[in-house]
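*Asks:* Structure incoming, see below.
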Amino acid sequence: MSLEGGPPLAWKVNGVGVGYSTVSIAGGKLFTMGDLREGGDNQQFVIALNEAEGSRLWTAKVGPPHGDGSRCTPTVDDGLVYAVGTEGDVVCVQTETGKEVWRKSLVQDFGGKMMSGWKFSESPLVDGNKLVCTPGGSAAVMVALNKKTGALIWKCALPDDAKMRDGAGYSSIVISEGAGGRQYVQLLGGGIFSARADDGTSLWGYQRIANGTANIPTSVVDGDYVFCATGYGAGAALLQLTPTGDGGVNAEEVWFLNGNTFQNHHGGFVRIGDYVYGGHDHNAGAPTCLELKTGKIVWQEQQPGEGSGAVLYAEGNLIFRYQDGVVALIGATPDGYQLHGQFTPPKEPRMGGNAWAHPVIANGKLYLRHQDVLFCYDVTQH
């Protein structure tokens, strides 16, 4: 796959609204979120598009709009779409029609709160019969809901003796089987945290990775290990999970890198084999390869675009998408930095703001959203 000169543009559409949400793809449809003016009223919506050519199929109201728009990328499962609005509205709608099935409020129903003012951002997790999300309140820092009805299954509170601050971060939950037990790992306002999957018991927390402004990147799990990093000068760390004698889990720091060596603002990172790839520095995304188990920086190069870089892996390569719109194809290999090509999507009148929505590849298509505009590129021949 090569991006030299840019792959062929299959289609582009306006009208996905204001926001940084990217797309989920299932059953011939694309699902995203955005702030739209419908019937003279500006609101935040889940939006469904036809995968073949991008035409709008339906919209479903989520809640109030927010300045520069939505953050959550919808989660799709078994004929239902789940989304979290910036004010903490959680909605479940049908994939075929957008008809609402149930809704909850992370704030009103669970006492939720954010660590800072950029509003709720996570994509909720579906695991079995549960929908798991992060209100961030001290009495319900994480909750599991029945995915069909929205009924509460459990809520997880921070322990009374916890040193960790409450408040949700801007990350999404990942599943770990570390230390022999299924658990949900999430980055909160006060650090990284874990809850037992079956009953919501809090298991462990780690504060050193937290910054006081915005903890954003979703962590990476690999067996008994958890890799995490944040921006604002915080840095990166690898944790090893081990079982305790009382059925709990202990998280021990294997290594820590300060923010000058590696930090990730909000472009994220991916694990490929024994290595982690992502963008380094605050308000930046210098392509970096680091060895997972040791924290050794294998290579780190100047970035081909400006600002933070969101990263995606496909077919042995990394796609970095920078906030100025530059898209770069970089080899996912520890054998040195390999820039295979780059291009910039055309400017459109309704793009505005930063290109922070993460790139997505599915069914031979590359999707790039820039606020109200969604581009679909054919990468089957590249």
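For the structure tokens, the naming scheme is as follows: chains receive sequential letters (A, B, ...) according to their order of presentation, residues are indexed from 1 within each chain, and ligands are indexed from 1 in presentation order.
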Dump as a tab-separated table the rows for residues of region 290-348 of chain A within 10 Å of region 4-16 of chain A: closest atom pair and distance in Å with one decimal, only C-alpha atoms counted, ordered by chain and rising residue number.

*Replies:*
```
residue	atom	partner	partner_atom	distance
A:Val327	CA	A:Gly6	CA	8.7
A:Ala328	CA	A:Glu4	CA	8.9
A:Leu329	CA	A:Glu4	CA	8.5
A:Leu339	CA	A:Glu4	CA	9.9
A:His340	CA	A:Glu4	CA	7.1
A:Gly341	CA	A:Glu4	CA	4.3
A:Gln342	CA	A:Glu4	CA	5.6
A:Phe343	CA	A:Gly6	CA	5.1
A:Thr344	CA	A:Gly6	CA	7.5
A:Pro345	CA	A:Gly6	CA	8.1
A:Glu348	CA	A:Asn14	CA	9.1
```

*Asks:* Distance table requested - region 314-374 of chain A against region 275-291 of chain A, cut-off 12 Å, only C-alpha atoms: one row per qualifying residue with the closest atom pair and its distance in Å to one decimal, ordered by chain and rising residue number, as CSV.

*Replies:*
```
residue,atom,partner,partner_atom,distance
A:Asn317,CA,A:Tyr277,CA,10.5
A:Leu318,CA,A:Tyr277,CA,8.2
A:Ile319,CA,A:Gly278,CA,10.1
A:Phe320,CA,A:Pro287,CA,8.2
A:Arg321,CA,A:Gly285,CA,9.4
A:Tyr322,CA,A:Gly285,CA,7.6
A:Gln323,CA,A:Ala284,CA,9.0
A:Asp324,CA,A:Ala284,CA,11.0
A:Val326,CA,A:Gly285,CA,11.8
A:Ala328,CA,A:Pro287,CA,10.1
A:Leu329,CA,A:Pro287,CA,10.7
A:Ile330,CA,A:Pro287,CA,8.5
A:Gly331,CA,A:Tyr277,CA,10.2
A:Ala332,CA,A:Tyr277,CA,7.5
A:Thr333,CA,A:Cys289,CA,8.0
A:Pro334,CA,A:Cys289,CA,6.5
A:Asp335,CA,A:Cys289,CA,9.6
A:Gly336,CA,A:Cys289,CA,8.6
A:Tyr337,CA,A:Pro287,CA,8.2
A:Gln338,CA,A:Pro287,CA,10.2
A:Leu339,CA,A:Pro287,CA,10.0
A:Asn354,CA,A:Asn283,CA,11.6
A:Trp356,CA,A:Asn283,CA,11.3
```

*Asks:* Quick one: of A:Gly150, A:Gly181, A:Gly231, A:Gly212, who's nearest to Pro243 (chain A), counting only C-alpha atoms?

*Replies:*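 Distance minimum relative to Pro243 (chain A) lands on A:Gly181.
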
*Asks:* Using DSSP on the backbone, list every residue of region 132-359 of chain A that comes out as strand (DSSP E or B), and give them as a ChimeraX atom specification.

*Replies:* /A:132-133,142-146,152-156,168,174-176,183-188,191-196,202-206,220-222,225-230,235-243,249-257,264,269-272,275-281,286-291,297-300,309-314,317-322,327-331,339-343

*Asks:* At a cut-off of 10 Å, using only C-alpha atoms, what residues contact Lys347 (chain A)? Leave out same-chain residues fewer than 2 positions from it and give the result as a compact mmCIF listing (two decimals) with N, CA and C atoms, in the first residue's frame.

*Replies:*
```txt
# COMPACT_ATOMS: atom_id res chain seq x y z
N GLY A 325 -4.00 18.07 8.49
CA GLY A 325 -4.56 17.30 7.39
C GLY A 325 -3.60 16.37 6.70
N THR A 344 -2.23 15.28 1.23
CA THR A 344 -3.13 16.10 2.00
C THR A 344 -4.47 16.18 1.29
N PRO A 345 -5.57 15.81 1.94
CA PRO A 345 -6.88 15.95 1.31
C PRO A 345 -7.15 17.40 0.90
N PRO A 349 -14.72 24.20 2.15
CA PRO A 349 -15.17 25.36 2.92
C PRO A 349 -15.64 25.03 4.33
N ARG A 350 -16.19 23.83 4.55
CA ARG A 350 -16.79 23.51 5.85
C ARG A 350 -15.89 22.62 6.71
N MET A 351 -14.61 22.58 6.39
CA MET A 351 -13.72 21.75 7.18
C MET A 351 -13.39 22.43 8.51
N GLY A 352 -12.78 23.60 8.50
CA GLY A 352 -12.54 24.34 9.72
C GLY A 352 -11.77 23.56 10.78
N HIS A 370 -12.85 15.53 8.58
CA HIS A 370 -12.36 16.83 9.03
C HIS A 370 -13.60 17.68 9.30
N VAL A 373 -16.85 17.44 7.02
CA VAL A 373 -16.55 16.76 5.75
C VAL A 373 -15.97 15.38 6.03
```

*Asks:* Could you pull the residues within 12 Å of region 215-217 of chain A, counting only C-alpha atoms, minus those fewer than 6 positions along the same chain, as a VMD selection string?

*Replies:* chain A and resid 71 114 to 116 118 to 122 167 to 174 186 to 192 207 to 209 227 to 236 263 to 270 278 to 280 282 308 to 311 358

*Asks:* Extract, using only C-alpha atoms, all DNA, RNA and protein residues at most 10 Å from Thr95 (chain A), discarding same-chain residues fewer than 2 positions from it, and format them as a PyMOL selection string.

*Replies:* chain A and resi 26-27+29-31+48+58+76-82+92-93+97-100

*Asks:* Please produce a file of those selected residues containing C-alpha atoms, as a PDB file, in the first residue's frame.

*Replies:*
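Heads up, here's the output in selection_25.pdb:
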```
ATOM      1  CA  ALA A  26     -20.996  -2.309  10.211  1.00  0.00           C
ATOM      2  CA  GLY A  27     -23.662  -3.865   7.995  1.00  0.00           C
ATOM      3  CA  LYS A  29     -23.425   1.583   7.143  1.00  0.00           C
ATOM      4  CA  LEU A  30     -21.115   4.185   8.621  1.00  0.00           C
ATOM      5  CA  PHE A  31     -21.891   5.614  12.049  1.00  0.00           C
ATOM      6  CA  ALA A  48     -25.804   6.943   9.870  1.00  0.00           C
ATOM      7  CA  TRP A  58     -30.870   8.798   9.501  1.00  0.00           C
ATOM      8  CA  VAL A  76     -22.012  -0.933  17.133  1.00  0.00           C
ATOM      9  CA  ASP A  77     -23.190  -4.351  18.322  1.00  0.00           C
ATOM     10  CA  ASP A  78     -25.986  -6.753  17.337  1.00  0.00           C
ATOM     11  CA  GLY A  79     -28.254  -4.269  15.580  1.00  0.00           C
ATOM     12  CA  LEU A  80     -27.725  -1.469  18.092  1.00  0.00           C
ATOM     13  CA  VAL A  81     -25.582   1.677  18.179  1.00  0.00           C
ATOM     14  CA  TYR A  82     -24.283   3.169  21.436  1.00  0.00           C
ATOM     15  CA  CYS A  92     -28.804   3.245  22.452  1.00  0.00           C
ATOM     16  CA  VAL A  93     -30.500   3.371  19.041  1.00  0.00           C
ATOM     17  CA  THR A  97     -33.756   3.253  11.782  1.00  0.00           C
ATOM     18  CA  GLY A  98     -32.021   5.291  14.493  1.00  0.00           C
ATOM     19  CA  LYS A  99     -35.015   4.729  16.758  1.00  0.00           C
ATOM     20  CA  GLU A 100     -34.072   5.223  20.400  1.00  0.00           C
TER      21      GLU A 100
END
```

*Asks:* Just the number, please: distance in Å from CA of Ile25 (chain A) to CA of Gly88 (chain A), one decimal.

*Replies:* 23.3 Å

*Asks:* Using only C-alpha atoms, determine which residues lie at most 9 Å from region 101-109 of chain A, disregarding the query and same-chain residues fewer than 3 positions distant; provide the list as a compact mmCIF listing (two decimals) with N, CA and C atoms, in the first residue's frame.

*Replies:*
```txt
# COMPACT_ATOMS: atom_id res chain seq x y z
N VAL A 62 -28.88 12.98 20.43
CA VAL A 62 -28.17 12.54 21.62
C VAL A 62 -28.36 13.53 22.76
N LEU A 80 -27.57 -2.66 17.27
CA LEU A 80 -27.72 -1.47 18.09
C LEU A 80 -26.47 -0.61 18.02
N VAL A 84 -21.98 8.24 23.41
CA VAL A 84 -21.92 9.11 24.59
C VAL A 84 -21.80 10.55 24.11
N GLU A 87 -22.29 16.00 26.97
CA GLU A 87 -22.85 16.31 28.29
C GLU A 87 -23.11 15.07 29.13
N GLY A 88 -22.67 13.90 28.64
CA GLY A 88 -22.82 12.66 29.39
C GLY A 88 -24.07 11.87 29.08
N ASP A 89 -24.81 12.26 28.03
CA ASP A 89 -25.97 11.46 27.62
C ASP A 89 -25.49 10.18 26.95
N VAL A 90 -25.99 9.04 27.42
CA VAL A 90 -25.68 7.75 26.81
C VAL A 90 -26.93 7.26 26.10
N VAL A 91 -26.84 7.01 24.80
CA VAL A 91 -28.01 6.59 24.04
C VAL A 91 -27.74 5.27 23.35
N CYS A 92 -28.80 4.49 23.22
CA CYS A 92 -28.80 3.25 22.45
C CYS A 92 -29.90 3.37 21.40
N VAL A 93 -29.53 3.24 20.12
CA VAL A 93 -30.50 3.37 19.04
C VAL A 93 -30.35 2.19 18.09
N GLN A 94 -31.39 1.95 17.30
CA GLN A 94 -31.37 0.85 16.35
C GLN A 94 -30.52 1.21 15.12
N GLY A 98 -32.39 4.23 13.57
CA GLY A 98 -32.02 5.29 14.49
C GLY A 98 -33.02 5.47 15.62
N GLY A 112 -21.78 11.67 37.58
CA GLY A 112 -20.56 11.75 36.80
C GLY A 112 -19.97 13.14 36.72
N LYS A 113 -18.67 13.19 36.46
CA LYS A 113 -17.96 14.45 36.31
C LYS A 113 -16.73 14.22 35.45
N CYS A 133 -19.08 2.03 30.68
CA CYS A 133 -18.67 3.40 30.42
C CYS A 133 -18.22 4.06 31.71
N THR A 134 -17.80 5.32 31.62
CA THR A 134 -17.04 5.96 32.70
C THR A 134 -17.68 7.27 33.13
N PRO A 135 -18.60 7.26 34.10
CA PRO A 135 -19.13 8.52 34.62
C PRO A 135 -18.06 9.39 35.27
N GLY A 136 -17.12 8.77 35.99
CA GLY A 136 -16.05 9.52 36.60
C GLY A 136 -16.33 10.03 38.00
N GLY A 137 -17.53 9.79 38.54
CA GLY A 137 -17.83 10.22 39.91
C GLY A 137 -17.20 9.29 40.93
N LYS A 148 -29.06 -4.17 26.43
CA LYS A 148 -30.37 -4.18 25.78
C LYS A 148 -31.35 -3.20 26.42
N THR A 149 -31.20 -2.95 27.74
CA THR A 149 -32.19 -2.15 28.46
C THR A 149 -31.63 -0.90 29.13
N GLY A 150 -30.33 -0.85 29.35
CA GLY A 150 -29.73 0.25 30.08
C GLY A 150 -29.77 0.08 31.59
```

*Asks:* My list of candidates is A:Val143, A:Glu301, A:Glu177, A:Phe256. Which is closest to Thr242 (chain A) when distances are computed with only C-alpha atoms?

*Replies:* A:Glu177
